[in-house]
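Quick notes on the structure that follows.
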Amino acid sequence: METPPTCPQTECEIDVQFGQDGIARVALRGRLSMRTVADCWDKLETKLHGAKVKELEVDVRGVGFCGGAGYALLRYLNMGRMTPGAKVSVVGLAAGFQTIFEGFTARDYDAFHPRPQTSSHPLVEEAGHATRQLIVDMRDQLDFLGIVAANLPPSLVNPKRMRWPEVRHIFVLAGANAVPIVSLVSLLLGFIIAFESAQRLADFGAQIYVANTITVVMVREMGPLMTAILLAGRSASAFAAEIGTMKVNEELNALETLGLSPVRFLVIPRIVAGVLVAPLLACYSILMGVVGGALVMLGLGFSLMLILHQMAMSVQLGDLAVGIEKSVVFGIIVSGVGCWRGLQTQQGPSAVGLSTTRAVVTSLLLIILADAFFSTISYFFKQ
Amino acid sequence: MNEPGDIVISVKDLSIGYGDRVILEKVNFQVSRGEIFVILGESGCGKSTLMKTMIGLNPPQSGDVWIEGGNLTAAEGDERLRLLRKFGVMYQSGALFGSMTVLENVRLPLDEFADLQDPLKELVALSKLKLVGMAAAANKMPSELSGGMQKRAAIARAMVMDPGILFLDEPSAGLDPITSAGIDLLVSGLARHFGITFVIVSHELASIYAVADRVIMVDCAARGIIARGKPAELRDGATDPWVHRFFNREADPGHLVQPT
């Protein structure tokens with residue numbers, strides 16, 4: 001059993017002898033390493049399978065090297081797994097190894113039960129669970145809204161309580177750094193809408209109204225919505241991941257015990273930055289979309305003056321107000337949901353990933369719900 | 001090849017650092033088979049970085065690390081994989097995979113590299129867990145364990161493929177004295193019975209005196225090794241005041257503001 005081996009042995013040899021009265025003797029020789037043990041196992045299985053053994057003696061005196069896999073094989077034999085009902089003894093282990101070998105008993109093995117696989121639940125149970133989760137979630141959301149509402153006015157009234165450098169930092173991260181992607185997406189969106197509507201309107205000889213379409217659509221709807229979607233993807237996820245990681249690292253607990261409210265310290269600056277950044281980005285997005293549309297119209301042969309005139313005629317200040325109102329609400333939703341999901345983070349390695357996913361999904365859901373609400377309200381108000 | 005006493009790790013003219021910053025310059029030392037070798041030094045002086053370089057995670061600025069006669073620093077592809085299989089590593093935080101149970105963590109290398117029957121894999125993993133006293137927690141998720149338990153499970157994972165060398169980064173930091181002493185016993189037992197070589201990064205003086213055959217002490221200011229030898233000899237015979245303080249656990253009077 002000692003390393004180094006007495007002679008170079010690369011394989012393991014097995015000798016099984018069946019005596020009288022159900023007494024069997026297994027002699028192992030050579031190396032019992034990761035590589036040889038699988039083969040040993042197969043040989044032993046074939047030889048011992050079906051044999052009526054009452055007593056089994058495993059002799060390991062000839063073993064030159066015994067690794068972890070070798071021990072596992074000896075233990076498996078010793079527990080009588082290959083010879084059910086037999087009394088098994090392992091002989092020939094060196095003294096030091098005997099204690100290590102005996103340290104692991106059949107009781108240890110029996111105490112081990114593999115974790116049961118998660119079985120599927122009946123549909124009703126799943127639905128009930130999901131509903132309860134939804135109610136808990138909504139209550140939690142309401143709680144969060146209340147805490148934010150309680151913390152916001154003091155922070156706004158007393159500038160010393162507001163962490164303006166943090167607001168500025170987040171403003172740069174969520175706003176200024178998002179300008180390239182917002183530019184690209186909005187410009188191409190303008191292109192797409194202009195091209196799609198130009199085809200249809202050409203049938204009626206009304207291509208000039210592409211300018212109206214693009215302006216109304218961008219100002220009232222697509223500008224704020226695209227900005228909100230991009231913010232949800234870039235910033236809601238970032239807020240959730242950042243706060244979630246802080247929670248996992250117990251930084252939130254540290255804030256609490258220092259007497260600092262995580263909501264005032266982390267959430268309020270993000271919401272303020274979100275509310276400021278969303279309308280600005282939305283205005284920029286509207287501008288880029290309209291530029292994209294105008295480029296297409298120039299390509300269709302209209303003069304710039306005509307396009308600009310048509311565009312200016314199609315919207316009023318009220319339309320822009322609707323767009324900006326929407327984007328303010330979207331800004332609150334994106335930053336609020338990002339922070340809320342971050343604060344909800346549980347322990348464990350996948351927790352932050354889960355919060356990030358939830359933050360984006362919940363933001364998108366609430367954005368589209370809010371948008372539908374706005375459209376319905378404005379429709380009835382017009383009447 | 002397996003003679004006790006032959007050199008298994010050889011660090012030659014190793015310089016490590018980040019970017020322009022040099023942490024250790026031209027370090028040389030060797031570790032023999034079956035030896036318990038401890039790297040120590042003040043916090044933030046490159047002990048863990050040195051270990052990361054020795055296990056091939058961190059490319060050195062210059063110099064080489066030889067493991068069992070192969071140059072790990074220069075090795076690539078299959079040769080690198082072959083050298084990586086010679087040792088196991090326990091990281092400071094345990095680094096157990098959070099999505100798997102403890103047993104699955106320990107079994108993972110077996111599933112990937114060993115051609116064994118399922119019950120045998122399970123038994124190998126379970127017996128390694130038993131060695132570190134963690135068999136009862138085999139079915140738990142790492143997030144359900146305390147820091148010390150995670151470390152012990154990580155040791156089991158490091159030794160599951162029967163490596164000849166084990167690297168342990170701060171094995172007893174944050175453990176209660178009983179568990180810590182248990183790990184000391186495990187380390188010396190594995191070294192004595194199986195001839196496993198240990199390279200340990202540690203601060204724990206008690207544990208160093210209990211198990212270490214030889215230590216080296218790295219220092220920021222000197223950018224190298226300022227002391228090497230047997231721990232008890234350094235405790236009693238160190239001439240360098242800093243080394244003397246370290247091994248006798250004495251505070252540096254000029255180091256901290258002391259409330260009086």
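Residues are referred to by chain and number: the chain letter is A, B, ... according to the order shown in the structure tokens, the number counts from 1 in that chain, and ligands are numbered separately from 1 in the order shown.
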Exercise for review: Would you give me, as a list in words, the residues of chain B that come within 7 Å of chain A, using only C-alpha atoms?
Suggested key: Asn2, Glu3, Gly98, Ala114, Asp115, Leu116, Gln117, Leu120, Leu123, Val124, Ser127, Lys130, Asn139, Ser143, Asp162 and His193 of chain B
Practice item. Excluding B:Lys12 and any residue of its chain fewer than 4 positions from it, enumerate the residues within 7 Å of it, using only C-alpha atoms, and give them as a ChimeraX atom specification. Key: /B:27-29,63-65
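When atom CA of A:Leu93 is paired with atom CA of A:Val63, their separation reads 9.2 Å.
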**Study point:** Expected answer as a ChimeraX atom specification: alpha helix (DSSP H) residues in stretch 80-199 of chain B
**Key:** /B:80-84,102-113,118-131,147-158,177-194
Using C-alpha atoms, can you export the residues from the last selection as a compact mmCIF listing (two decimals), in the first residue's frame?
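And here's again16.txt as it stands now:
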# COMPACT_ATOMS: atom_id res chain seq x y z
CA ARG B 80 -0.19 22.43 -19.71
CA LEU B 81 -3.25 20.29 -18.98
CA ARG B 82 -0.97 17.43 -17.94
CA LEU B 83 0.91 19.71 -15.52
CA LEU B 84 -2.32 21.21 -14.16
CA VAL B 102 -21.23 19.97 -2.34
CA LEU B 103 -21.00 16.40 -3.62
CA GLU B 104 -21.50 17.49 -7.22
CA ASN B 105 -18.75 20.04 -6.73
CA VAL B 106 -16.34 17.38 -5.53
CA ARG B 107 -17.47 14.91 -8.20
CA LEU B 108 -17.09 17.34 -11.08
CA PRO B 109 -13.43 16.54 -11.95
CA LEU B 110 -14.22 12.81 -11.74
CA ASP B 111 -17.16 13.20 -14.09
CA GLU B 112 -15.01 15.14 -16.52
CA PHE B 113 -11.72 13.25 -16.40
CA ASP B 118 -21.02 5.94 -11.02
CA PRO B 119 -21.11 4.32 -7.55
CA LEU B 120 -17.31 4.52 -7.44
CA LYS B 121 -17.30 8.21 -8.34
CA GLU B 122 -19.83 8.81 -5.60
CA LEU B 123 -17.74 6.83 -3.12
CA VAL B 124 -14.52 8.62 -4.06
CA ALA B 125 -16.18 12.01 -3.63
CA LEU B 126 -17.86 10.96 -0.39
CA SER B 127 -14.67 9.58 1.13
CA LYS B 128 -12.77 12.78 0.30
CA LEU B 129 -15.57 14.71 1.97
CA LYS B 130 -15.34 12.36 4.95
CA LEU B 131 -11.60 13.07 5.18
CA GLY B 147 -17.21 29.93 5.27
CA GLY B 148 -15.16 27.29 7.07
CA MET B 149 -17.29 24.46 5.75
CA GLN B 150 -16.96 25.81 2.23
CA LYS B 151 -13.20 25.82 2.63
CA ARG B 152 -13.14 22.23 3.82
CA ALA B 153 -15.34 21.15 0.92
CA ALA B 154 -12.99 23.02 -1.39
CA ILE B 155 -10.05 21.04 -0.01
CA ALA B 156 -11.97 17.85 -0.76
CA ARG B 157 -12.55 19.05 -4.33
CA ALA B 158 -8.86 19.92 -4.71
CA PRO B 177 -9.72 26.82 16.56
CA ILE B 178 -11.10 23.28 16.57
CA THR B 179 -11.76 23.17 12.84
CA SER B 180 -8.47 24.90 12.21
CA ALA B 181 -6.60 22.28 14.25
CA GLY B 182 -8.53 19.60 12.34
CA ILE B 183 -7.25 21.01 9.06
CA ASP B 184 -3.70 21.01 10.46
CA LEU B 185 -4.05 17.33 11.32
CA LEU B 186 -5.45 16.59 7.88
CA VAL B 187 -2.57 18.39 6.19
CA SER B 188 0.16 16.66 8.19
CA GLY B 189 -1.59 13.29 7.86
CA LEU B 190 -1.87 13.58 4.08
CA ALA B 191 1.76 14.66 3.82
CA ARG B 192 2.96 11.79 6.01
CA HIS B 193 0.82 8.96 4.66
CA PHE B 194 0.42 9.86 1.01
Practice item. Write out as a list in words the residues lying within 7 Å of A:Arg358, counting only C-alpha atoms and excluding same-chain residues fewer than 4 positions away. Key: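 My reading of the contact set: Arg341, Leu354 and Thr362 of chain A.
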Would you mind exporting the chosen residues as an mmCIF file, in the first residue's frame, restricted to N, CA and C atoms?
data_model
loop_
_atom_site.group_PDB
_atom_site.id
_atom_site.type_symbol
_atom_site.label_atom_id
_atom_site.label_comp_id
_atom_site.auth_asym_id
_atom_site.auth_seq_id
_atom_site.Cartn_x
_atom_site.Cartn_y
_atom_site.Cartn_z
ATOM 1 N N ARG A 341 -35.755 45.870 -7.582
ATOM 2 C CA ARG A 341 -35.332 44.491 -7.826
ATOM 3 C C ARG A 341 -33.950 44.229 -7.227
ATOM 4 N N LEU A 354 -30.651 36.856 -11.439
ATOM 5 C CA LEU A 354 -32.109 36.787 -11.387
ATOM 6 C C LEU A 354 -32.707 38.181 -11.207
ATOM 7 N N THR A 362 -39.674 43.489 -15.580
ATOM 8 C CA THR A 362 -40.688 44.305 -14.906
ATOM 9 C C THR A 362 -40.717 45.713 -15.479
#
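Interatomic distance, atom CA of A:Phe171 against atom CA of A:Ser155: 17.2 Å.
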Practice item. Determine, counting only C-alpha atoms, which protein, DNA and RNA residues have an atom within 7 Å of an atom of stretch 66-78 of chain B; residues of the same chain fewer than 5 positions away are not included. Present the result as a ChimeraX atom specification. Key: /B:8-11,56,83
Since we have the selection now, will you write its residues out, keeping C-alpha atoms, as a tab-separated table (two decimals), in the first residue's frame?
chain	number	residue	atom	x	y	z
B	8	VAL	CA	8.64	18.82	-7.13
B	9	ILE	CA	8.31	22.58	-7.46
B	10	SER	CA	11.09	24.83	-8.57
B	11	VAL	CA	10.65	28.59	-8.82
B	56	GLY	CA	-0.25	29.28	-13.74
B	83	LEU	CA	0.91	19.71	-15.52
